[in-house]
Structure formats: structure tokens, C-alpha cells
Amino acid sequence: MLRQALLYLMSGNEAIAHAVMDADVDVVAAYPITPQTTIVEKLSEYTSSGMLDAEFVPVESEHSALSVCVGASLTGARVFTATSSQGLALMHEILYIASGLRAPIVMAIANRALSAPINIHGDHSDVMGSRDAGWIQLFAENPQQAYDFTLMAYRVAEDNRVMLPVAVNVDGFTVSHCYEGVRVLGKEDAQAFLPRTPRPRLEYDTPITVGAMFSPTHYHVVKTEQAKALESSLNVVKEVFRSYPLREEGYDVVHVVNRSSPVMVVGLGGVMGTFRHLGRRMNVGVASLRLYRPFPAADLLPSLREAELIVVLDRAYSPGAPAPPLATDIKTLLHTAGLQTPVWSVVCGLGGHEIRLSMAEKLLQKALEAAREGAGANISFYLGEEVNRP
Amino acid sequence: MITRLDQLPAKEAISPGHNACAGCGALIAVRQILLAAPRPLIVVNATGCLEVVTTPYPYTAWNVPWLHVAFENAAAAASGVEAALKVLERKGLGRRHNIIVFAGDGGTFDIGLQSLSGALERGHRLLFVCYDNEAYMNTGVQRSAATPPGAWSSTTPAGKQETKKDIMSIVVAHGVKYAATATPFFWKDLVNKVAKAFTFDGPTFLHVYAPCPRGWYTESDKTIQLSKLAVETRYFPLYEVENGRYKINYFVARPKPLEEFLKIQNRYRTLLRPENAELLQRLKQEVEERWKRLEALSQQREAPSSTHLVS
């Protein structure tokens with residue numbers, strides 16, 4: 001029986017810290033970086049005041065932050081770290097080891113642009129560089145989701161069918177520092193939702209060897225198993241999203257409005273709220289991915305089938321690639337489904353570049369026009385540039 | 001104080017049948033250290049020879065829990081293990097262990113220095129053991145910051161021109177409660193230092209000189225002799241620093257000529273040629289200065305009784 005959920009005014013970062021406290025996390029290791037810093041500031045406050053019984057390890061780098069988390073997680077602890085941008089890039093090597101050693105770590109990423117040129121504001125360049133590291137990737141659009149997804153991340157990561165690290169992404173500043181009313185479960189209900197399940201760990205009485213050397217004969221077996229585990233974690237994520245106690249209807253891994261519109265906009269993160277607002281007014285379909293890895297192809301596909309034009313929003317480039325990251329995924333999905341729907345690949349909001357309502361509205365108008373005229377061309381441009389249809 | 005083999009407290013933690021080269025000084029040292037380490041025990045290993053030769057999947061030589069994460073972060077991974085056990089014990093979900101980190105000189109002096117520094121500064125209770133064989137042996141004998149002047153390596157074909165980094169001073173500068181040097185020939189000194197290290201509540205450090213027949217181009221039956229000569233020539237002094245106080249554990253009153261130590265290692269063949277006399281002189285000078293500095297720091301001038309250290 002769920003007790004009355006309490007409502008607090010919190011930023012996205014505070015909501016994440018609150019979820020970590022409610023999850024009774026054992027070890028927090030982190031290094032300061034904007035715009036993540038306020039998460040770990042809050043957590044050090046919680047640990048020093050005794051609100052959270054955890055070891056706070058103030059490491060000397062993000063590389064060590066994740067290394068501490070790997071060591072602690074494989075010792076049986078529930079762990080947390082948070083980072084952004086350059087910090088995530090510095091962790092890169094250990095991201096693959098965390099997933100390869102099947103450490104159920106939860107990390108928040110306050111998404112931020114990568115240097116150079118240096119810039120502290122939001123985009124998805126950081127996480128897109130890590131998308132093949134074998135982590136489950138969630139994208140929260142607002143502080144409430146930041147809280148909810150962080151709690152659910154532990155449930156997913158520690159599920160014996162999964163045993164993989166999970167990243168909870170929030171847009172730097174626009175979500176991480178944005179204040180909203182957030183309903184929280186509270187410790188008791190959160191811990192009932194997150195029972196501690198036994199797993200192999202470093203303990204003298206039952207010695208295990210973790211991180212051994214693998215020859216070509218065995219390496220591919222482990223990596224294939226790991227890839228399959230990530231793929232099939234989709235069902236666990238959906239199960240957990242559906243059963244989340246704070247929302248009667250649970251969460252969908254893909255959230256869609258106006259499913260039958262001729263134009264469907266697909267994207268990730270906080271900016272989807274802007275597009276949903278316009279989409280409702282202009283009768284444009286908007287599909288937001290709350291889960292990016294594993295890619296929820298089957299959940300997204302029905303929303304794409306009817307569309308005459310698909311607009312994919314990416315907040316990152318993939319220089320030299322056929323398309324930016326999300327557009328590549330969407331085009332692959334369409335091809336696999338035998339669809340030849342034209343795709344507008346739109347890169348937007350780099351380095352915190354504001355995505356104004358007027359810019360988004362103009363984009364949707366042009367897209368509706370194009371769909372009406374049946375102009376089926378694949379084009380790509382940066383949001384704010386003139387849209388030049390062939 | 002352990003003075004006889006049958007006083008070593010622990011059972012074997014590392015099995016025979018691993019893939020180390022014949023005469024590997026690192027494996028001898030590791031075996032001795034593990035025999036002396038108090039239980040319960042967890043080992044964290046940096047990438048390197050020790051990790052590679054002991055864990056060729058599906059085999060493992062380890063009879064104790066063992067973790068390898070990466071090359072440069074063994075001290076950080078071990079910090080995580082330590083922090084986890086502290087809080088899990090508090091919550092009744094686990095218990096504290098003794099933690100040993102093994103890293104080579106590359107994983108300590110070079111790429112691992114930052115995470116080591118962080119762990120020392122934060123004060124985690126663990127023993128960090130650097131097995132120093134003075135080059136990157138696992139990748140085929142490339143120079144490291146621990147390679148001494150004059151030594152051949154595959155990236156110093158004319159002999160290294162730079163000095164060997166003083167890792168002990170760097171560690172001591174962190175204010176650790178206990179740091180010591182050791183080498184397998186002086187096994188009583190080594191095992192007692194391991195036992196002593198675990199009496200401190202905080203990070204401790206052991207710099208172990210571990211001859212490498214493959215990388216030094218020496219005969220595999222010379223490992224123990226090299227370990228002995230390194231000390232007797234004052235090349236690798238045995239000392240400890242306890243709460244900032246230096247003590248030479250084996251006072252070498254009359255050092256053997258350094259050439260005795262160098263001439264049985266083919267990595268010094270070039271150095272010992274007449275045209276390299278100047279570089280050889282520099283190495284000798286470094287060895288002498290290192291000893292004099294230790295004498296000054298420890299305020300030791302005469303030989304105290306060190307007989308218990310000799311097997």
C-alpha cells in the first residue's frame with residue numbers, strides 16, 4: 001500500500017540526489033563538473049548529515065569515480081556516480097569495463113557539450129560518444145522523470161536477468177537546473193520497490209576471479225552474451241516502467257502524441273516537451289524516447305508506419321557518418337521494416353543553443369507543408385538554418 | 001615477528017601452474033606477500049604481467065577473491081572495494097576485509113600514479129604493493145619512470161638517459177603511516193613488513209624489487225641472487241618509513257661494487273662498455289646519493305644488528 005506521496009520543489013539534479021537517498025545507496029563516488037555538480041553536492045550533504053548512510057568517496061577524477069563504482073559494485077554495494085561532458089569522456093575506458101563485468105551501477109549524466117570549443121551547456125554529444133559502451137540509456141525530460149527514472153534504474157540494473165549499468169540522462173541546465181514540483185516515494189516505499197537481491201561478489205569465503213584475461217576462443221562468447229543481455233533488458237525496463245508505484249499508469253518507454261499525424265517528430269530529452277506542446281496545437285505527431293539503449297524499435301515502429309514524413313531531432317553530430325546518431329537509428333529501423341518514409345535529419349540545440357518555440361513552430365510548419373505536397377526527400381540541416389527542400 | 005617459514009600465518013593464496021616465466025621475481029614476491037597477509041583478504045590487480053599470467057580464462061591461480069579492472073585505476077577500484085565493505089558492514093550486509101593492491105612499476109610510477117595519489121590522500125585502508133621490475137615487461141620491455149639510467153629497453157636502445165623516479169618519497173609525501181621497500185631474497189624482512197603494514201588503519205605502501213629474467217636478459221636461476229645483490233650494492237636499500245620516521249632495515253656498511261650486480265644483467269651490456277663510462281658513473285652517483293640521503297633521513301651511521309633479516 002503506497003503512502004501519500006510527498007511533493008517537493010526540486011531541480012532535476014536535486015530530484016536525482018533525492019532518488020539516490022531513497023534508494024539507500026551504499027557508495028557514492030564523484031568528481032565535480034558543471035552541470036552535474038549539484039547532484040553530488042546534495043549527496044555529500046545527505047551523507048554527512050546522516051540522512052543517507054553511504055560512503056562518499058571524493059575521488060580525484062571521473063576515471064577514478066567510475067573505477068571506485070566498479071570496485072564497490074562488484075563487492076555487493078549499491079553505487080552511484082554522476083558526470084557530464086568531459087567527465088564522461090574521461091570515464092570512457094571504464095564504461096566498457098563496467099558493462100563487461102556486469103556491474104549494476106547507476107550513473108546520472110547531466111548532458112553537456114564536448115570541448116573544443118569549450119562550452120558548459122546542454123547537448124547530447126557526450127552520451128552519444130558512449131552509446132556503444134553497453135549501458136542502458138534512459139532520458140528524463142523533467143525533474144519528476146529524473147527522480148522516477150533514477151529509482152527505476154536500480155531496479156533494472158540489479159535484476160538478475162539484466163546485471164548491467166544504467167545511465168539516467170538529463171539535459172544540462174534545462175532539466176538539471178530547472179525547478180518543478182516532484183512527487184517522491186520516500187525511503188520506505190522506495191526500498192520496498194528496490195529489494196536487495198543477492199549476486200556474486202568479492203568475499204573471502206567464496207572467492208571469485210573477476211576481470212580475467214580472455215582469449216579469442218572465449219572473448220566473443222562473453223561479448224555476445226552481454227549484447228544479448230542488453231537487448232533483452234528491454235522487456236525488464238518495460239516491466240519496471242509499467243509497475244512503477246508512483247504512477248498508476250506507469251511509464252511507456254516511448255511516449256507518443258498524435259500517432260496518426262502525417263508528420264512524426266522523434267527525439268530525446270527535455271526539448272521534446274516544447275515539440276509536444278506545439279504538436280498538440282498543430283496536429284503533429286511527437287514520439288519521445290525515454291529509453292534509448294536498448295533501442296525500443298518495436299515500441300516506436302507503430303508510430304512511424306503511418307507517417308508521410310519523419311523529423312528526427314539530434315542534439316549531436318556524428319561527423320562523417322551517413323546521419324547523426326538518432327537519425328541513423330531511425331533510418332535503420334525504417335529500412336528493416338521495409339519503409340521508405342523520407343526523413344528530415346535535424347541537428348539542434350548544440351552547446352545550449354536555445355530551441356525557441358518560434359524555431360520549432362517554423363520547422364513543423366515546413367514539415368506539414370512538405371508532407372501535404374508529398375515531397376518525399378531526405379534532407380539534413382541544423383535547426384535555425386533555412387530549410388531548403390530539393 | 002616471523003622468523004621461520006612455519007610461522008607464516010596463511011595458506012597459499014596463489015596456485016602453482018600459472019603462466020609466469022621461470023624465475024619471475026614478481027610471482028615469488030606475490031606468493032610471499034600473500035602468505036603473510038592477514039585474512040579475510042581481497043586482492044585488486046592492475047593490468048600487467050601478474051594479471052595476465054594468473055588468469056587465462058577459464059583458469060585462475062587465485063584462491064582468494066581477485067579483481068582486475070584496468071591498468072591505471074587499481075588504487076581507485078580498491079578504494080571502491082574498501083568503501084563498500086565499510087558501509088556494508090555497518091548495514092549488516094557484509095564485512096570488512098584486508099585489501100592488497102598489486103601493480104607493476106608502470107601501474108604505479110606512471111599511469112597509475114594519479115589514482116594511487118588519490119587513494120593515499122583519501123586514506124583508504126589498503127596495502128598497495130608495487131612490484132618493480134623496472135620496465136613495461138608485459139608489452140615487451142619498454143622504459144618506464146622506474147627504469148634506471150643506463151638500462152637497455154626496447155624504447156631506450158642506447159640505455160635510458162633519465163633518472164629513476166623516487167616513488168617512495170612521493171608516497172611518503174602523502175603522509176602515509178607506513179611505507180617500506182622489500183625484495184624476495186630478504187623474505188623475513190618482506191613478510192614482516194606485510195604483517196606490519198596491516199596494523200595501520202589507513203593506506204600503506206610496499207615497494208618490492210622484483211627481478212625479471214625476460215626483461216633484464218638474465219638467467220632464470222639468478223633472480224634471487226639479483227634480489228640479494230641489489231641490496232648489497234646499495235642499489236635498492238631496504239628501509240621503512242613509519243609515521244614519517246625513516247629506518248634502514250639492512251645497513252650495508254661495506255657495499256659490493258655495483259658492477260657485480262650489473263654485469264649479470266644483459267640489459268646493462270651497453271652501459272658497461274668503456275664509451276659509456278660517464279653514464280655508468282651517473283648511475284653509481286645516484287645510488288650513492290640515494291644511500292646518503294637515507295642515512296641522513298634515518299640518522300643511521302653505523303650498522304645495527306640486521307642478522308635476522310638474512311635467510
# chains A, B, ... in the order shown; residues from 1 in each chain; ligands from 1
$ interface_residues --of "chain A" --to "chain B" --cutoff "9 Å" --atoms "only C-alpha atoms" --output "MDAnalysis selection string"
chainID A and resid 26:27 29 53:61 63:79 93:94 97:98 101 201:215 218
$ residues_around --residues "region 294-297 of chain B" --least-positions-apart "4" --cutoff "8 Å" --atoms "only C-alpha atoms" --output "list in words"
Arg245, Tyr246, Ile248, Arg290 and Arg301 of chain B
$ select_by_dssp --residues "region 171-269 of chain B" --states "helix (DSSP H, G or I)" --output "number ranges by chain"
B: 171-172, 187-197, 213-216, 220-232, 258-262, 266-268
$ write_last_selection --atoms "N, CA, C and O atoms" --output "compact mmCIF listing (two decimals), in the first residue's frame"
# COMPACT_ATOMS: atom_id res chain seq x y z
N VAL B 171 55.26 8.77 -2.26
CA VAL B 171 54.26 8.15 -1.40
C VAL B 171 54.35 8.73 0.01
O VAL B 171 53.33 9.11 0.62
N VAL B 172 55.58 8.83 0.52
CA VAL B 172 55.78 9.34 1.89
C VAL B 172 55.24 10.77 2.00
O VAL B 172 54.68 11.15 3.04
N TRP B 187 63.36 -12.45 2.66
CA TRP B 187 61.95 -12.82 2.79
C TRP B 187 61.39 -12.53 4.16
O TRP B 187 60.23 -12.19 4.31
N LYS B 188 62.24 -12.64 5.19
CA LYS B 188 61.72 -12.35 6.55
C LYS B 188 61.37 -10.88 6.67
O LYS B 188 60.37 -10.50 7.27
N ASP B 189 62.27 -10.06 6.11
CA ASP B 189 62.02 -8.62 6.09
C ASP B 189 60.70 -8.33 5.34
O ASP B 189 59.85 -7.57 5.81
N LEU B 190 60.53 -9.00 4.21
CA LEU B 190 59.34 -8.79 3.37
C LEU B 190 58.05 -9.19 4.10
O LEU B 190 57.11 -8.39 4.21
N VAL B 191 58.03 -10.41 4.64
CA VAL B 191 56.76 -10.87 5.25
C VAL B 191 56.43 -10.07 6.51
O VAL B 191 55.26 -9.80 6.79
N ASN B 192 57.46 -9.70 7.25
CA ASN B 192 57.18 -8.91 8.46
C ASN B 192 56.67 -7.51 8.12
O ASN B 192 55.85 -6.94 8.85
N LYS B 193 57.15 -6.99 7.01
CA LYS B 193 56.66 -5.67 6.58
C LYS B 193 55.19 -5.76 6.14
O LYS B 193 54.41 -4.84 6.38
N VAL B 194 54.83 -6.87 5.51
CA VAL B 194 53.43 -7.05 5.10
C VAL B 194 52.55 -7.12 6.35
O VAL B 194 51.52 -6.42 6.45
N ALA B 195 52.98 -7.94 7.31
CA ALA B 195 52.19 -8.08 8.54
C ALA B 195 52.08 -6.74 9.25
O ALA B 195 51.01 -6.35 9.73
N LYS B 196 53.18 -6.01 9.28
CA LYS B 196 53.19 -4.71 9.96
C LYS B 196 52.28 -3.70 9.26
O LYS B 196 51.56 -2.94 9.91
N ALA B 197 52.32 -3.73 7.93
CA ALA B 197 51.51 -2.77 7.16
C ALA B 197 50.04 -2.85 7.56
O ALA B 197 49.35 -1.83 7.65
N PRO B 213 63.78 -11.99 -15.33
CA PRO B 213 64.77 -12.61 -16.23
C PRO B 213 64.53 -12.26 -17.71
O PRO B 213 65.46 -11.98 -18.44
N ARG B 214 63.27 -12.21 -18.12
CA ARG B 214 62.93 -11.94 -19.50
C ARG B 214 63.34 -10.53 -19.91
O ARG B 214 63.93 -10.31 -20.96
N GLY B 215 63.01 -9.57 -19.05
CA GLY B 215 63.24 -8.17 -19.40
C GLY B 215 64.65 -7.68 -19.10
O GLY B 215 65.10 -6.69 -19.68
N TRP B 216 65.30 -8.35 -18.18
CA TRP B 216 66.66 -7.92 -17.82
C TRP B 216 67.72 -8.72 -18.57
O TRP B 216 68.90 -8.50 -18.41
N SER B 220 67.36 -17.47 -15.58
CA SER B 220 66.22 -17.56 -14.67
C SER B 220 66.63 -18.02 -13.27
O SER B 220 65.89 -17.82 -12.31
N ASP B 221 67.82 -18.62 -13.13
CA ASP B 221 68.25 -19.03 -11.78
C ASP B 221 69.00 -17.92 -11.05
O ASP B 221 69.57 -18.14 -9.99
N LYS B 222 69.02 -16.73 -11.63
CA LYS B 222 69.75 -15.62 -10.99
C LYS B 222 68.82 -14.66 -10.24
O LYS B 222 69.27 -13.68 -9.67
N THR B 223 67.53 -14.93 -10.26
CA THR B 223 66.56 -13.98 -9.69
C THR B 223 66.86 -13.65 -8.23
O THR B 223 66.92 -12.48 -7.83
N ILE B 224 67.06 -14.70 -7.44
CA ILE B 224 67.26 -14.48 -6.01
C ILE B 224 68.61 -13.82 -5.74
O ILE B 224 68.74 -12.94 -4.89
N GLN B 225 69.60 -14.22 -6.54
CA GLN B 225 70.93 -13.61 -6.40
C GLN B 225 70.86 -12.12 -6.73
O GLN B 225 71.46 -11.28 -6.06
N LEU B 226 70.10 -11.78 -7.78
CA LEU B 226 69.94 -10.37 -8.15
C LEU B 226 69.23 -9.59 -7.06
O LEU B 226 69.56 -8.44 -6.77
N SER B 227 68.22 -10.22 -6.48
CA SER B 227 67.47 -9.61 -5.40
C SER B 227 68.41 -9.29 -4.23
O SER B 227 68.33 -8.23 -3.60
N LYS B 228 69.34 -10.20 -3.97
CA LYS B 228 70.31 -10.03 -2.87
C LYS B 228 71.34 -8.95 -3.22
O LYS B 228 71.61 -8.03 -2.43
N LEU B 229 71.87 -9.04 -4.45
CA LEU B 229 72.91 -8.08 -4.87
C LEU B 229 72.37 -6.65 -4.94
O LEU B 229 73.09 -5.70 -4.67
N ALA B 230 71.11 -6.51 -5.31
CA ALA B 230 70.52 -5.18 -5.40
C ALA B 230 70.62 -4.46 -4.06
O ALA B 230 70.88 -3.25 -3.99
N VAL B 231 70.46 -5.23 -2.99
CA VAL B 231 70.54 -4.64 -1.66
C VAL B 231 72.01 -4.48 -1.24
O VAL B 231 72.41 -3.42 -0.73
N GLU B 232 72.80 -5.51 -1.49
CA GLU B 232 74.20 -5.50 -1.00
C GLU B 232 75.08 -4.47 -1.71
O GLU B 232 76.13 -4.11 -1.22
N LEU B 258 79.03 -2.03 -7.63
CA LEU B 258 77.78 -2.06 -8.39
C LEU B 258 77.90 -2.98 -9.62
O LEU B 258 76.92 -3.61 -10.03
N GLU B 259 79.09 -3.05 -10.20
CA GLU B 259 79.31 -3.87 -11.40
C GLU B 259 78.92 -5.33 -11.16
O GLU B 259 78.46 -6.01 -12.08
N GLU B 260 79.08 -5.82 -9.92
CA GLU B 260 78.72 -7.22 -9.64
C GLU B 260 77.24 -7.47 -9.92
O GLU B 260 76.85 -8.54 -10.37
N PHE B 261 76.45 -6.44 -9.62
CA PHE B 261 75.01 -6.50 -9.84
C PHE B 261 74.67 -6.29 -11.32
O PHE B 261 73.79 -6.94 -11.88
N LEU B 262 75.41 -5.41 -11.96
CA LEU B 262 75.08 -5.03 -13.34
C LEU B 262 75.54 -6.07 -14.36
O LEU B 262 74.85 -6.32 -15.35
N ASN B 266 72.10 -8.62 -18.90
CA ASN B 266 72.49 -8.20 -20.25
C ASN B 266 71.88 -6.87 -20.67
O ASN B 266 72.31 -6.28 -21.65
N ARG B 267 70.89 -6.38 -19.91
CA ARG B 267 70.33 -5.05 -20.24
C ARG B 267 71.36 -3.95 -20.00
O ARG B 267 71.18 -2.82 -20.42
N TYR B 268 72.40 -4.29 -19.24
CA TYR B 268 73.46 -3.30 -18.96
C TYR B 268 74.70 -3.52 -19.82
O TYR B 268 75.73 -2.91 -19.58
$ select_by_dssp --residues "region 13-133 of chain B" --states "strand (DSSP E)" --output "list in words"
Leu41, Ile42, Val43, Val44, Asn45, Trp66, Leu67, His68, Asn98, Ile99, Ile100, Val101, Phe102, Ala103, Gly104, Leu127, Phe128, Val129, Cys130, Tyr131 and Asp132 of chain B
$ write_last_selection --atoms "C-alpha atoms" --output "PDB file, in the first residue's frame"
ATOM      1  CA  LEU B  41      41.645 -10.862   2.128  1.00  0.00           C
ATOM      2  CA  ILE B  42      40.704  -9.365  -1.253  1.00  0.00           C
ATOM      3  CA  VAL B  43      43.291  -8.764  -3.999  1.00  0.00           C
ATOM      4  CA  VAL B  44      42.947  -5.992  -6.571  1.00  0.00           C
ATOM      5  CA  ASN B  45      45.315  -6.213  -9.526  1.00  0.00           C
ATOM      6  CA  TRP B  66      40.517 -11.181  -7.008  1.00  0.00           C
ATOM      7  CA  LEU B  67      39.537  -8.137  -9.069  1.00  0.00           C
ATOM      8  CA  HIS B  68      41.133  -6.611 -12.133  1.00  0.00           C
ATOM      9  CA  ASN B  98      42.118  -6.713   4.282  1.00  0.00           C
ATOM     10  CA  ILE B  99      42.843  -5.379   0.803  1.00  0.00           C
ATOM     11  CA  ILE B 100      46.061  -5.736  -1.188  1.00  0.00           C
ATOM     12  CA  VAL B 101      46.631  -3.971  -4.476  1.00  0.00           C
ATOM     13  CA  PHE B 102      49.295  -5.368  -6.817  1.00  0.00           C
ATOM     14  CA  ALA B 103      50.592  -3.149  -9.592  1.00  0.00           C
ATOM     15  CA  GLY B 104      53.783  -3.141 -11.598  1.00  0.00           C
ATOM     16  CA  LEU B 127      48.201  -2.122   1.219  1.00  0.00           C
ATOM     17  CA  PHE B 128      49.426  -1.016  -2.204  1.00  0.00           C
ATOM     18  CA  VAL B 129      52.251  -3.246  -3.437  1.00  0.00           C
ATOM     19  CA  CYS B 130      54.327  -2.100  -6.380  1.00  0.00           C
ATOM     20  CA  TYR B 131      56.291  -4.974  -7.867  1.00  0.00           C
ATOM     21  CA  ASP B 132      59.037  -3.088  -9.598  1.00  0.00           C
TER      22      ASP B 132
END
$ atom_distance --atom1 "CA of Pro38 (chain B)" --atom2 "CA of Phe198 (chain B)"
7.5 Å
$ closest_residue --among "A:Asp123, A:Ala19, A:Val253, A:Ala192" --to "Met107 (chain A)" --atoms "only C-alpha atoms"
A:Ala19
$ residues_around --residues "Ala116 (chain A)" --least-positions-apart "6" --cutoff "12 Å" --atoms "only C-alpha atoms" --output "tab-separated table (two decimals) with C-alpha atoms, in the first residue's frame"
chain	number	residue	atom	x	y	z
A	85	SER	CA	30.66	16.02	-20.87
A	86	GLN	CA	34.45	15.89	-20.38
A	125	SER	CA	27.44	14.97	-27.72
A	351	GLY	CA	26.11	23.71	-26.79
$ residues_around --residues "Glu134 (chain B)" --least-positions-apart "5" --cutoff "12 Å" --atoms "only C-alpha atoms" --output "mmCIF file with N, CA and C atoms, in the first residue's frame"
data_model
loop_
_atom_site.group_PDB
_atom_site.id
_atom_site.type_symbol
_atom_site.label_atom_id
_atom_site.label_comp_id
_atom_site.auth_asym_id
_atom_site.auth_seq_id
_atom_site.Cartn_x
_atom_site.Cartn_y
_atom_site.Cartn_z
ATOM 1 N N GLY B 25 60.473 -12.848 -10.628
ATOM 2 C CA GLY B 25 60.605 -12.288 -9.280
ATOM 3 C C GLY B 25 59.277 -11.813 -8.718
ATOM 4 N N ALA B 26 58.425 -11.330 -9.600
ATOM 5 C CA ALA B 26 57.126 -10.807 -9.141
ATOM 6 C C ALA B 26 56.302 -11.904 -8.479
ATOM 7 N N GLY B 104 52.379 -3.207 -11.194
ATOM 8 C CA GLY B 104 53.783 -3.141 -11.598
ATOM 9 C C GLY B 104 54.314 -1.722 -11.495
ATOM 10 N N ASP B 105 55.555 -1.509 -11.951
ATOM 11 C CA ASP B 105 56.092 -0.147 -11.864
ATOM 12 C C ASP B 105 55.351 0.786 -12.820
ATOM 13 N N GLY B 106 54.915 0.289 -13.976
ATOM 14 C CA GLY B 106 54.134 1.142 -14.880
ATOM 15 C C GLY B 106 52.829 1.554 -14.238
ATOM 16 N N GLY B 107 52.153 0.592 -13.602
ATOM 17 C CA GLY B 107 50.866 0.833 -12.947
ATOM 18 C C GLY B 107 50.985 1.624 -11.659
ATOM 19 N N THR B 108 52.212 1.916 -11.242
ATOM 20 C CA THR B 108 52.431 2.681 -10.012
ATOM 21 C C THR B 108 53.125 4.012 -10.303
ATOM 22 N N PHE B 109 54.322 3.935 -10.907
ATOM 23 C CA PHE B 109 55.128 5.141 -11.144
ATOM 24 C C PHE B 109 54.521 6.032 -12.231
ATOM 25 N N ASP B 110 53.923 5.395 -13.260
ATOM 26 C CA ASP B 110 53.490 6.148 -14.440
ATOM 27 C C ASP B 110 51.968 6.296 -14.479
ATOM 28 N N VAL B 141 59.138 -5.014 -22.721
ATOM 29 C CA VAL B 141 60.308 -4.293 -22.185
ATOM 30 C C VAL B 141 60.466 -2.873 -22.736
ATOM 31 N N GLN B 142 59.447 -2.008 -22.483
ATOM 32 C CA GLN B 142 59.615 -0.590 -22.791
ATOM 33 C C GLN B 142 59.982 0.160 -21.504
ATOM 34 N N ARG B 143 60.677 1.261 -21.672
ATOM 35 C CA ARG B 143 61.122 2.001 -20.471
ATOM 36 C C ARG B 143 59.938 2.581 -19.714
ATOM 37 N N SER B 144 60.081 2.647 -18.389
ATOM 38 C CA SER B 144 59.097 3.322 -17.537
ATOM 39 C C SER B 144 59.855 4.347 -16.702
ATOM 40 N N ALA B 145 59.116 5.056 -15.851
ATOM 41 C CA ALA B 145 59.782 6.012 -14.954
ATOM 42 C C ALA B 145 60.624 5.278 -13.920
ATOM 43 N N ALA B 146 60.447 3.957 -13.821
ATOM 44 C CA ALA B 146 61.229 3.168 -12.864
ATOM 45 C C ALA B 146 62.485 2.578 -13.489
ATOM 46 N N THR B 147 62.626 2.695 -14.794
ATOM 47 C CA THR B 147 63.837 2.167 -15.450
ATOM 48 C C THR B 147 65.035 3.015 -15.027
ATOM 49 N N PRO B 148 66.120 2.375 -14.607
ATOM 50 C CA PRO B 148 67.276 3.157 -14.136
ATOM 51 C C PRO B 148 68.129 3.680 -15.290
ATOM 52 N N PRO B 149 68.954 4.686 -15.021
ATOM 53 C CA PRO B 149 69.840 5.215 -16.055
ATOM 54 C C PRO B 149 70.747 4.098 -16.588
ATOM 55 N N GLY B 150 70.926 4.097 -17.882
ATOM 56 C CA GLY B 150 71.857 3.148 -18.477
ATOM 57 C C GLY B 150 71.230 1.840 -18.893
ATOM 58 N N ALA B 151 70.021 1.546 -18.409
ATOM 59 C CA ALA B 151 69.410 0.259 -18.720
ATOM 60 C C ALA B 151 68.860 0.263 -20.142
ATOM 61 N N TRP B 152 69.128 -0.837 -20.853
ATOM 62 C CA TRP B 152 68.520 -1.030 -22.166
ATOM 63 C C TRP B 152 67.041 -1.343 -21.967
ATOM 64 N N SER B 153 66.214 -0.806 -22.881
ATOM 65 C CA SER B 153 64.847 -1.284 -23.003
ATOM 66 C C SER B 153 64.514 -1.141 -24.474
ATOM 67 N N LYS B 160 68.782 4.086 -20.979
ATOM 68 C CA LYS B 160 67.971 5.227 -20.541
ATOM 69 C C LYS B 160 68.872 6.350 -20.050
ATOM 70 N N THR B 163 66.786 9.723 -14.951
ATOM 71 C CA THR B 163 66.908 9.082 -13.644
ATOM 72 C C THR B 163 65.661 8.253 -13.312
ATOM 73 N N LYS B 164 65.789 7.406 -12.297
ATOM 74 C CA LYS B 164 64.642 6.611 -11.843
ATOM 75 C C LYS B 164 63.808 7.444 -10.880
ATOM 76 N N LYS B 165 62.493 7.470 -11.101
ATOM 77 C CA LYS B 165 61.614 8.255 -10.226
ATOM 78 C C LYS B 165 61.653 7.700 -8.805
ATOM 79 N N HIS B 207 57.184 -1.122 -1.684
ATOM 80 C CA HIS B 207 57.912 -1.078 -2.956
ATOM 81 C C HIS B 207 58.803 -2.312 -3.014
ATOM 82 N N VAL B 208 58.401 -3.266 -3.850
ATOM 83 C CA VAL B 208 59.104 -4.553 -3.885
ATOM 84 C C VAL B 208 59.941 -4.657 -5.155
ATOM 85 N N TYR B 209 61.215 -4.892 -4.964
ATOM 86 C CA TYR B 209 62.118 -5.038 -6.104
ATOM 87 C C TYR B 209 62.017 -6.467 -6.619
ATOM 88 N N ALA B 210 61.585 -6.623 -7.868
ATOM 89 C CA ALA B 210 61.255 -7.948 -8.406
ATOM 90 C C ALA B 210 62.003 -8.209 -9.712
ATOM 91 N N PRO B 211 63.149 -8.886 -9.644
ATOM 92 C CA PRO B 211 63.921 -9.153 -10.866
ATOM 93 C C PRO B 211 63.093 -9.872 -11.928
ATOM 94 N N CYS B 212 63.390 -9.537 -13.198
ATOM 95 C CA CYS B 212 62.636 -10.070 -14.332
ATOM 96 C C CYS B 212 63.622 -10.661 -15.336
ATOM 97 N N PRO B 213 63.782 -11.991 -15.330
ATOM 98 C CA PRO B 213 64.771 -12.614 -16.231
ATOM 99 C C PRO B 213 64.531 -12.261 -17.705
ATOM 100 N N ARG B 214 63.269 -12.215 -18.118
ATOM 101 C CA ARG B 214 62.933 -11.938 -19.504
ATOM 102 C C ARG B 214 63.336 -10.527 -19.911
ATOM 103 N N GLY B 215 63.014 -9.568 -19.054
ATOM 104 C CA GLY B 215 63.238 -8.168 -19.404
ATOM 105 C C GLY B 215 64.648 -7.677 -19.104
ATOM 106 N N TRP B 216 65.304 -8.355 -18.184
ATOM 107 C CA TRP B 216 66.659 -7.917 -17.816
ATOM 108 C C TRP B 216 67.723 -8.720 -18.565
ATOM 109 N N PHE B 236 69.367 -1.006 -4.136
ATOM 110 C CA PHE B 236 67.977 -0.981 -3.650
ATOM 111 C C PHE B 236 67.989 -1.146 -2.129
ATOM 112 N N ARG B 267 70.885 -6.384 -19.906
ATOM 113 C CA ARG B 267 70.331 -5.053 -20.244
ATOM 114 C C ARG B 267 71.360 -3.949 -19.998
#
$ atom_distance --atom1 "CA of Leu114 (chain A)" --atom2 "CA of Leu88 (chain A)"
9.6 Å
$ residues_around --residues "Ala17 (chain A)" --least-positions-apart "2" --cutoff "8 Å" --atoms "only C-alpha atoms" --output "ChimeraX atom specification"
/A:13-15,19-21,39-40,42-43
$ closest_residue --among "A:Asp24, A:Glu385, A:Glu141, A:Glu62" --to "Gly270 (chain A)" --atoms "only C-alpha atoms"
A:Glu141
$ residues_around --residues "Pro390 (chain A)" --least-positions-apart "5" --cutoff "10 Å" --atoms "only C-alpha atoms" --output "list in words"
Ala375, Gly376, Ala377, Asn378 and Ile379 of chain A
$ atom_distance --atom1 "CA of Ile33 (chain B)" --atom2 "CA of Phe205 (chain B)"
12.5 Å
